[in-house]
file target.pdb (PDB, C-alpha atoms)
ATOM      1  CA  MET A   1       0.000   0.000   0.000
ATOM      2  CA  MET A   2       1.308   3.337  -0.906
ATOM      3  CA  GLN A   3       1.408   5.685   2.039
ATOM      4  CA  SER A   4       0.321   9.223   1.375
ATOM      5  CA  LYS A   5       2.966  11.864   1.935
ATOM      6  CA  TRP A   6       2.240  15.384   3.186
ATOM      7  CA  TRP A   7       4.322  18.383   4.340
ATOM      8  CA  MET A   8       3.791  21.769   5.794
ATOM      9  CA  PRO A   9       5.297  24.855   4.280
ATOM     10  CA  ALA A  10       8.340  26.189   6.177
ATOM     11  CA  GLY A  11       6.506  29.391   7.226
ATOM     12  CA  ALA A  12       3.548  27.476   8.596
ATOM     13  CA  ALA A  13       5.840  25.115  10.511
ATOM     14  CA  SER A  14       7.592  28.043  12.167
ATOM     15  CA  SER A  15       4.265  29.580  13.126
ATOM     16  CA  ALA A  16       3.055  26.329  14.639
ATOM     17  CA  LEU A  17       6.260  25.950  16.638
ATOM     18  CA  LEU A  18       6.022  29.479  17.995
ATOM     19  CA  LEU A  19       2.368  28.944  18.909
ATOM     20  CA  SER A  20       3.239  25.750  20.784
ATOM     21  CA  LEU A  21       6.017  27.468  22.750
ATOM     22  CA  CYS A  22       3.797  30.395  23.646
ATOM     23  CA  MET A  23       1.109  28.036  24.938
ATOM     24  CA  GLN A  24       3.657  26.249  27.104
ATOM     25  CA  GLN A  25       4.843  29.573  28.553
ATOM     26  CA  CYS A  26       1.277  30.610  29.287
ATOM     27  CA  VAL A  27       0.656  27.389  31.198
ATOM     28  CA  SER A  28       3.835  27.711  33.285
ATOM     29  CA  PHE A  29       3.557  31.455  33.873
ATOM     30  CA  GLN A  30       2.090  32.577  37.209
ATOM     31  CA  THR A  31       1.229  36.220  37.773
ATOM     32  CA  PRO A  32       2.594  37.481  41.096
ATOM     33  CA  SER A  33       0.049  38.991  43.399
ATOM     34  CA  LEU A  34       0.236  42.752  43.590
ATOM     35  CA  LEU A  35      -1.153  42.572  47.080
ATOM     36  CA  ALA A  36       1.384  40.061  48.356
ATOM     37  CA  VAL A  37       2.889  40.972  51.728
ATOM     38  CA  PRO A  38       6.678  41.462  51.494
ATOM     39  CA  THR A  39       8.820  39.253  53.666
ATOM     40  CA  ARG A  40      11.325  40.565  56.214
ATOM     41  CA  SER A  41      14.138  39.790  53.807
ATOM     42  CA  HIS A  42      12.581  42.196  51.282
ATOM     43  CA  LEU A  43      12.297  44.960  53.855
ATOM     44  CA  ARG A  44      15.765  44.504  55.312
ATOM     45  CA  GLN A  45      18.144  47.372  54.445
ATOM     46  CA  PRO A  46      21.940  47.220  54.753
ATOM     47  CA  SER A  47      23.063  48.543  58.084
ATOM     48  CA  HIS A  48      25.829  51.183  58.226
ATOM     49  CA  ALA A  49      26.051  51.303  62.000
ATOM     50  CA  HIS A  50      29.430  49.611  62.088
ATOM     51  CA  THR A  51      30.593  50.340  58.540
ATOM     52  CA  PRO A  52      33.834  52.325  58.115
ATOM     53  CA  ILE A  53      33.207  55.764  56.698
ATOM     54  CA  GLY A  54      35.228  54.941  53.592
ATOM     55  CA  LYS A  55      32.679  52.250  52.713
ATOM     56  CA  LEU A  56      29.764  54.602  53.263
ATOM     57  CA  PHE A  57      31.202  56.863  50.610
ATOM     58  CA  ALA A  58      31.825  54.079  48.088
ATOM     59  CA  THR A  59      30.297  50.995  46.598
ATOM     60  CA  SER A  60      33.514  49.002  46.477
ATOM     61  CA  SER A  61      34.082  46.295  49.058
ATOM     62  CA  SER A  62      37.246  47.936  50.321
ATOM     63  CA  ASP A  63      38.022  51.399  51.689
ATOM     64  CA  ASP A  64      41.052  51.346  49.409
ATOM     65  CA  ASP A  65      40.894  51.165  45.617
ATOM     66  CA  THR A  66      42.332  47.669  45.430
ATOM     67  CA  THR A  67      41.059  44.290  46.602
ATOM     68  CA  LYS A  68      42.928  41.870  48.815
ATOM     69  CA  ASP A  69      44.365  40.212  45.734
ATOM     70  CA  GLY A  70      45.728  43.512  44.471
ATOM     71  CA  VAL A  71      43.133  43.741  41.697
ATOM     72  CA  ASP A  72      41.676  47.183  41.092
ATOM     73  CA  ALA A  73      38.082  47.181  42.282
ATOM     74  CA  GLY A  74      37.133  50.112  40.057
ATOM     75  CA  PRO A  75      36.055  53.647  40.931
ATOM     76  CA  ASP A  76      33.974  54.453  43.972
ATOM     77  CA  ILE A  77      30.492  55.765  43.171
ATOM     78  CA  LEU A  78      29.741  58.743  45.371
ATOM     79  CA  GLN A  79      26.123  59.727  45.861
ATOM     80  CA  PRO A  80      25.004  63.338  46.473
ATOM     81  CA  TYR A  81      25.245  64.239  50.158
ATOM     82  CA  LEU A  82      22.153  66.291  50.948
ATOM     83  CA  PRO A  83      23.139  67.573  54.442
ATOM     84  CA  ALA A  84      26.056  69.493  52.865
ATOM     85  CA  MET A  85      23.535  71.687  51.029
ATOM     86  CA  ASP A  86      22.585  73.330  54.329
ATOM     87  CA  PRO A  87      24.271  76.791  54.538
ATOM     88  CA  LYS A  88      25.183  76.061  58.171
ATOM     89  CA  PHE A  89      26.590  72.616  57.429
ATOM     90  CA  SER A  90      30.258  73.637  57.783
ATOM     91  CA  ALA A  91      29.525  75.228  61.158
ATOM     92  CA  ARG A  92      27.221  72.663  62.731
ATOM     93  CA  GLU A  93      28.088  69.251  61.293
ATOM     94  CA  PRO A  94      30.095  67.286  63.901
ATOM     95  CA  VAL A  95      33.823  66.886  63.269
ATOM     96  CA  GLY A  96      36.531  64.999  65.136
ATOM     97  CA  GLU A  97      34.240  62.322  66.540
ATOM     98  CA  GLY A  98      36.120  59.431  64.919
ATOM     99  CA  GLU A  99      39.806  58.604  64.603
ATOM    100  CA  PHE A 100      40.521  61.726  62.570
ATOM    101  CA  ILE A 101      41.857  64.379  64.938
ATOM    102  CA  ILE A 102      40.340  67.780  64.219
ATOM    103  CA  SER A 103      38.769  70.671  66.088
ATOM    104  CA  ARG A 104      37.063  73.680  64.561
ATOM    105  CA  THR A 105      38.468  76.069  67.138
ATOM    106  CA  GLY A 106      41.977  77.438  67.360
ATOM    107  CA  PRO A 107      44.938  77.178  64.996
ATOM    108  CA  PRO A 108      46.155  73.881  63.514
ATOM    109  CA  THR A 109      48.217  71.585  65.710
ATOM    110  CA  ALA A 110      51.105  69.235  64.979
ATOM    111  CA  GLU A 111      48.873  66.300  65.908
ATOM    112  CA  GLU A 112      46.304  67.328  63.298
ATOM    113  CA  LEU A 113      49.061  67.474  60.648
ATOM    114  CA  SER A 114      50.673  64.088  61.286
ATOM    115  CA  ASN A 115      51.339  61.560  58.522
ATOM    116  CA  GLU A 116      48.665  59.306  60.003
ATOM    117  CA  GLN A 117      46.167  62.112  59.444
ATOM    118  CA  MET A 118      47.236  62.465  55.816
ATOM    119  CA  LEU A 119      46.759  58.716  55.376
ATOM    120  CA  ARG A 120      43.224  58.911  56.746
ATOM    121  CA  ILE A 121      42.456  61.658  54.246
ATOM    122  CA  VAL A 122      43.514  59.698  51.161
ATOM    123  CA  LYS A 123      41.949  56.447  52.419
ATOM    124  CA  ILE A 124      38.627  58.249  52.970
ATOM    125  CA  GLU A 125      38.626  57.488  56.674
ATOM    126  CA  CYS A 126      37.379  60.981  57.492
ATOM    127  CA  THR A 127      34.594  63.177  56.154
ATOM    128  CA  ASP A 128      34.930  65.762  53.406
ATOM    129  CA  LEU A 129      34.122  68.450  55.966
ATOM    130  CA  GLU A 130      36.954  67.322  58.237
ATOM    131  CA  VAL A 131      39.431  67.634  55.351
ATOM    132  CA  ASN A 132      38.136  71.098  54.475
ATOM    133  CA  THR A 133      38.212  72.168  58.128
ATOM    134  CA  LEU A 134      41.880  71.266  58.487
ATOM    135  CA  VAL A 135      42.812  73.127  55.289
ATOM    136  CA  TRP A 136      40.799  76.171  56.386
ATOM    137  CA  LYS A 137      42.623  76.309  59.708
ATOM    138  CA  CYS A 138      46.006  76.044  57.993
ATOM    139  CA  LEU A 139      45.098  78.863  55.597
ATOM    140  CA  GLY A 140      44.311  81.053  58.615
ATOM    141  CA  TYR A 141      40.516  80.984  58.849
ATOM    142  CA  ARG A 142      39.264  80.902  62.428
ATOM    143  CA  PHE A 143      35.919  79.656  63.682
ATOM    144  CA  ASN A 144      33.716  81.965  65.745
ATOM    145  CA  GLU A 145      31.603  79.747  67.994
ATOM    146  CA  GLU A 146      29.202  82.535  68.999
ATOM    147  CA  ASN A 147      28.306  83.466  65.415
ATOM    148  CA  GLU A 148      28.820  79.956  64.025
ATOM    149  CA  SER A 149      30.906  81.399  61.214
ATOM    150  CA  TRP A 150      34.419  81.301  59.764
ATOM    151  CA  THR A 151      36.403  84.553  59.674
ATOM    152  CA  PRO A 152      39.647  85.335  57.775
ATOM    153  CA  ASP A 153      41.451  86.552  60.895
ATOM    154  CA  GLU A 154      44.847  85.052  60.082
ATOM    155  CA  VAL A 155      44.483  84.138  56.411
ATOM    156  CA  PHE A 156      47.530  84.676  54.189
ATOM    157  CA  PRO A 157      47.130  88.160  52.609
ATOM    158  CA  LYS A 158      47.136  87.144  48.929
ATOM    159  CA  TRP A 159      44.759  84.276  49.565
ATOM    160  CA  LYS A 160      42.477  86.505  51.650
ATOM    161  CA  GLU A 161      42.124  88.977  48.771
ATOM    162  CA  ARG A 162      40.776  86.280  46.509
ATOM    163  CA  PHE A 163      38.933  84.119  49.044
ATOM    164  CA  PRO A 164      37.643  86.134  52.040
ATOM    165  CA  ILE A 165      35.495  83.152  53.052
ATOM    166  CA  PRO A 166      36.636  79.492  53.222
ATOM    167  CA  GLN A 167      36.146  77.479  50.054
ATOM    168  CA  ASP A 168      34.967  73.920  49.533
ATOM    169  CA  PHE A 169      38.055  72.220  48.085
ATOM    170  CA  ILE A 170      36.428  68.796  47.641
ATOM    171  CA  ASN A 171      32.748  69.394  46.796
ATOM    172  CA  MET A 172      31.080  68.163  49.954
ATOM    173  CA  GLN A 173      27.698  68.018  48.211
ATOM    174  CA  ARG A 174      29.124  65.561  45.646
ATOM    175  CA  VAL A 175      26.957  67.114  42.952
ATOM    176  CA  TYR A 176      29.139  67.389  39.866
ATOM    177  CA  SER A 177      27.102  69.751  37.737
ATOM    178  CA  GLN A 178      29.083  72.731  36.443
ATOM    179  CA  GLU A 179      27.128  75.190  38.567
ATOM    180  CA  VAL A 180      27.908  73.369  41.825
ATOM    181  CA  ASP A 181      31.311  71.860  41.108
ATOM    182  CA  GLU A 182      33.139  74.635  39.240
ATOM    183  CA  PRO A 183      33.779  76.836  42.328
ATOM    184  CA  CYS A 184      35.165  73.790  44.173
ATOM    185  CA  LEU A 185      37.387  72.896  41.239
ATOM    186  CA  LYS A 186      38.690  76.470  40.862
ATOM    187  CA  SER A 187      39.547  76.804  44.551
ATOM    188  CA  ASN A 188      41.255  73.404  44.568
ATOM    189  CA  GLN A 189      43.324  74.402  41.550
ATOM    190  CA  ALA A 190      44.317  77.642  43.280
ATOM    191  CA  LEU A 191      45.453  75.638  46.300
ATOM    192  CA  VAL A 192      47.552  73.340  44.107
ATOM    193  CA  ARG A 193      49.148  76.305  42.281
ATOM    194  CA  SER A 194      50.398  77.672  45.593
ATOM    195  CA  ILE A 195      52.652  74.617  46.045
ATOM    196  CA  PRO A 196      56.206  75.077  44.668
ATOM    197  CA  ALA A 197      57.151  72.698  41.860
ATOM    198  CA  ASP A 198      59.645  70.780  44.001
ATOM    199  CA  LYS A 199      56.922  70.082  46.612
ATOM    200  CA  LYS A 200      54.095  68.971  44.323
ATOM    201  CA  GLN A 201      55.026  65.268  44.478
ATOM    202  CA  SER A 202      55.440  64.915  48.243
ATOM    203  CA  LEU A 203      52.384  62.805  48.983
ATOM    204  CA  LYS A 204      53.483  59.334  47.882
ATOM    205  CA  PRO A 205      57.024  59.496  49.341
ATOM    206  CA  THR A 206      55.581  60.732  52.631
ATOM    207  CA  LEU A 207      52.926  58.036  52.946
ATOM    208  CA  LYS A 208      54.822  55.113  51.412
ATOM    209  CA  PRO A 209      56.335  54.099  54.801
ATOM    210  CA  LEU A 210      52.755  53.785  56.072
ATOM    211  CA  GLY A 211      51.864  51.396  53.234
ATOM    212  CA  TRP A 212      50.118  53.793  50.845
ATOM    213  CA  THR A 213      51.542  53.811  47.317
ATOM    214  CA  GLY A 214      48.896  55.889  45.538
ATOM    215  CA  TYR A 215      45.599  55.368  43.762
ATOM    216  CA  GLN A 216      45.092  53.121  40.763
ATOM    217  CA  PHE A 217      44.352  55.225  37.689
ATOM    218  CA  LYS A 218      41.038  53.593  36.809
ATOM    219  CA  GLY A 219      39.933  53.857  40.432
ATOM    220  CA  LEU A 220      40.228  57.649  40.530
ATOM    221  CA  THR A 221      37.220  59.823  41.327
ATOM    222  CA  PRO A 222      37.027  63.616  41.761
ATOM    223  CA  ASN A 223      36.720  63.062  45.508
ATOM    224  CA  LYS A 224      39.878  60.958  45.707
ATOM    225  CA  THR A 225      41.864  63.309  43.479
ATOM    226  CA  ARG A 226      40.951  66.375  45.500
ATOM    227  CA  ARG A 227      41.601  64.651  48.806
ATOM    228  CA  ALA A 228      45.082  63.749  47.573
ATOM    229  CA  GLN A 229      45.698  67.341  46.466
ATOM    230  CA  CYS A 230      44.566  68.687  49.836
ATOM    231  CA  ALA A 231      46.799  66.197  51.653
ATOM    232  CA  ASN A 232      49.741  67.172  49.459
ATOM    233  CA  TRP A 233      49.165  70.851  50.240
ATOM    234  CA  LEU A 234      48.899  70.084  53.959
ATOM    235  CA  ILE A 235      52.263  68.306  53.839
ATOM    236  CA  PHE A 236      53.793  71.335  52.100
ATOM    237  CA  TYR A 237      52.214  73.608  54.713
ATOM    238  CA  ARG A 238      53.532  71.471  57.560
ATOM    239  CA  GLU A 239      57.066  71.381  56.196
ATOM    240  CA  GLU A 240      57.396  74.968  54.953
ATOM    241  CA  LEU A 241      54.807  77.273  56.562
ATOM    242  CA  PHE A 242      53.644  75.802  59.864
ATOM    243  CA  GLY A 243      54.770  77.781  62.911
ATOM    244  CA  TYR A 244      55.989  80.879  61.039
ATOM    245  CA  THR A 245      54.474  84.346  60.858
ATOM    246  CA  VAL A 246      53.837  86.007  57.499
ATOM    247  CA  GLY A 247      56.790  88.328  58.134
ATOM    248  CA  GLU A 248      59.097  85.407  58.870
ATOM    249  CA  LEU A 249      57.916  83.575  55.758
ATOM    250  CA  ARG A 250      58.591  86.604  53.584
ATOM    251  CA  GLU A 251      62.080  86.936  54.989
ATOM    252  CA  ARG A 252      62.763  83.255  54.408
ATOM    253  CA  ARG A 253      61.526  83.612  50.848
ATOM    254  CA  ARG A 254      63.773  86.633  50.264
ATOM    255  CA  LEU A 255      66.846  84.805  51.526
ATOM    256  CA  LYS A 256      65.941  81.720  49.492
ATOM    257  CA  ASN A 257      65.487  83.761  46.307
ATOM    258  CA  GLU A 258      68.808  85.517  46.839
ATOM    259  CA  ALA A 259      70.591  82.217  47.393
ATOM    260  CA  GLU A 260      69.015  80.685  44.296
ATOM    261  CA  ALA A 261      69.864  83.747  42.197
ATOM    262  CA  ALA A 262      73.492  83.651  43.365
ATOM    263  CA  ALA A 263      73.762  79.929  42.617
ATOM    264  CA  GLU A 264      72.213  80.430  39.178
ATOM    265  CA  ALA A 265      74.551  83.309  38.370
ATOM    266  CA  LYS A 266      77.514  81.197  39.356
ATOM    267  CA  ARG A 267      76.310  78.297  37.234
ATOM    268  CA  LEU A 268      75.810  80.523  34.208
ATOM    269  CA  GLU A 269      79.231  82.025  34.675
ATOM    270  CA  GLU A 270      80.871  78.615  34.858
ATOM    271  CA  GLU A 271      78.982  77.177  31.903
ATOM    272  CA  GLY A 272      79.060  80.345  29.820
ATOM    273  CA  GLU A 273      75.303  80.276  29.237
ATOM    274  CA  LYS A 274      73.345  83.453  28.524
ATOM    275  CA  GLU A 275      69.806  82.193  28.927
ATOM    276  CA  GLN A 276      68.403  81.268  32.277
ATOM    277  CA  GLU A 277      66.437  78.087  32.801
ATOM    278  CA  TRP A 278      62.668  78.621  32.779
ATOM    279  CA  LYS A 279      60.787  77.847  35.987
ATOM    280  CA  PRO A 280      57.010  77.453  36.360
ATOM    281  CA  PRO A 281      55.287  80.345  38.184
ATOM    282  CA  VAL A 282      54.138  79.775  41.746
ATOM    283  CA  LYS A 283      51.274  81.780  43.234
ATOM    284  CA  GLU A 284      52.154  81.668  46.920
ATOM    285  CA  VAL A 285      49.456  82.160  49.517
ATOM    286  CA  PHE A 286      51.492  84.719  51.460
TER     287      PHE A 286
END
call {"tool": "encode", "arguments": {"input": "target.pdb", "output": "C-alpha cells"}}
result
Amino acid sequence: MMQSKWWMPAGAASSALLLSLCMQQCVSFQTPSLLAVPTRSHLRQPSHAHTPIGKLFATSSSDDDTTKDGVDAGPDILQPYLPAMDPKFSAREPVGEGEFIISRTGPPTAEELSNEQMLRIVKIECTDLEVNTLVWKCLGYRFNEENESWTPDEVFPKWKERFPIPQDFINMQRVYSQEVDEPCLKSNQALVRSIPADKKQSLKPTLKPLGWTGYQFKGLTPNKTRRAQCANWLIFYREELFGYTVGELRERRRLKNEAEAAAEAKRLEEEGEKEQEWKPPVKEVF
C-alpha cells in the first residue's frame, strides 16, 4: 500500500512551533500577586552602624581602591550628600568624633598634621568636611563659635584677597554639575598652584612608609583626586609654613630667592650660558 505523503510549508511550521512554545509559557507562567505581603528579607536594608566611613562613601568592598588580591576594584560611586547643602553645614556638622583628629576652634596643631592624618584623608577614613576644616585652619581661617561662622582673621594676605570666606576644596555636596562643582574645582586648583614645583610630588614618598603607594588610575574619582591634592598641600604647609608668621615667611623667601639667584649666576658664569632656565610660576598664599 502506498502511504500518502504530506508536508507543511516552512513558514507554517515556524508559526506552529512558535504557537506551541507560547502556549507552554502561558501554562507555566504565574502572575505574582500585587497585594502580596513582602517578607522581612525584602524589607531589610543594609546597616551602616558599624561600617567604616570609607565604605559609606563608596560601593567598592574595600576602603582602598584595590582588593585583597591587588586587583583594582574600580572607581567608587559617590552619591550626592544632601546635608552638605545646608548653609550652616560647615559650622554645625560634627567633626573629630572618629579617629581623625580635628577641632574647629583654634589654629592647627602638629597632631592634626601628622602623617597618620594624611593617610586617613587619602583612604577616605574621614569626612569631606573634616578635610576642608583642616585646610581652612592652615590657611588662617578661624571659627567663631558665637556666630557659628568662619572669619579670615589670620588668612595669608594674597589668599584673603581672593577668598575672604573658606572654600569647599572637595565638593562636599558631591553634585558634579558645572554650577555646583566649578567653584570647588577652581579653589582646589588655586590651592595646588600655591605649592612650589619641588613640593608637588610629596604625597606618595611621605605616605609610602605607612603602606600607601597611591591610587590606581582607573579607580580615581574627583573626591579621591581632591583629597590627595589637599593632603599634598597640607604636607607642604607642615614642612614649609607651619609655625611661622607672614613676616618670617617673607624673609625666608627673600633669603631663598637671593641664594638661588646667586647659585644660578655662578652656574651661568661657569657654563658660559646666557639664557636662564625657565621655571614654572608659583602663586604663593602669602
call {"tool": "atom_distance", "arguments": {"input": "target.pdb", "atom1": "atom CA of A:Ser114", "atom2": "atom CA of A:Ile235"}}
result
8.7 Å
call {"tool": "atom_distance", "arguments": {"input": "target.pdb", "atom1": "atom CA of A:Ala259", "atom2": "atom CA of A:Gln201"}}
result
23.2 Å
call {"tool": "resolve_selection", "arguments": {"input": "target.pdb", "expression": "the PyMOL selection byres ((chain A and resi 181-192) around 7)", "output": "list in words"}}
result
Gln167, Asp168, Phe169, Ile170, Asn171, Val175, Tyr176, Ser177, Gln178, Glu179, Val180, Arg193, Ser194, Ile195, Gln229 and Trp233 of chain A
call {"tool": "closest_atom_pairs", "arguments": {"input": "target.pdb", "of": "stretch 178-251 of chain A", "to": "stretch 123-132 of chain A", "cutoff": "8 Å", "atoms": "all atoms listed in the file", "output": "CSV"}}
result
residue,atom,partner,partner_atom,distance
A:Lys224,CA,A:Ile124,CA,7.9
A:Arg227,CA,A:Val131,CA,7.5
A:Cys230,CA,A:Val131,CA,7.6
call {"tool": "closest_residue", "arguments": {"input": "target.pdb", "among": "A:Pro157, A:Gly243, A:Pro196, A:Pro94", "to": "A:Pro107", "atoms": "only C-alpha atoms"}}
result
A:Gly243
call {"tool": "atom_distance", "arguments": {"input": "target.pdb", "atom1": "atom CA of A:Gly140", "atom2": "atom CA of A:Glu248"}}
result
15.4 Å
call {"tool": "closest_atom_pairs", "arguments": {"input": "target.pdb", "of": "stretch 216-275 of chain A", "to": "stretch 76-93 of chain A", "cutoff": "9 Å", "atoms": "all atoms listed in the file", "output": "CSV"}}
result
residue,atom,partner,partner_atom,distance
A:Gly219,CA,A:Asp76,CA,7.0
A:Leu220,CA,A:Asp76,CA,7.8
A:Thr221,CA,A:Asp76,CA,6.8
A:Asn223,CA,A:Leu78,CA,8.2
A:Lys224,CA,A:Asp76,CA,9.0
call {"tool": "residues_around", "arguments": {"input": "target.pdb", "residues": "A:Glu240", "least_positions_apart": "5", "cutoff": "10 Å", "atoms": "all atoms listed in the file", "output": "NGL selection string"}}
result
:A and (199 or 234-235 or 249 or 252)
call {"tool": "closest_residue", "arguments": {"input": "target.pdb", "among": "A:Arg174, A:Lys204, A:Arg238, A:Arg253", "to": "A:Cys138", "atoms": "all atoms listed in the file"}}
result
A:Arg238
call {"tool": "residues_around", "arguments": {"input": "target.pdb", "residues": "A:Pro152", "least_positions_apart": "2", "cutoff": "12 Å", "atoms": "all atoms listed in the file", "output": "PyMOL selection string"}}
result
chain A and resi 136-144+149-150+154-167
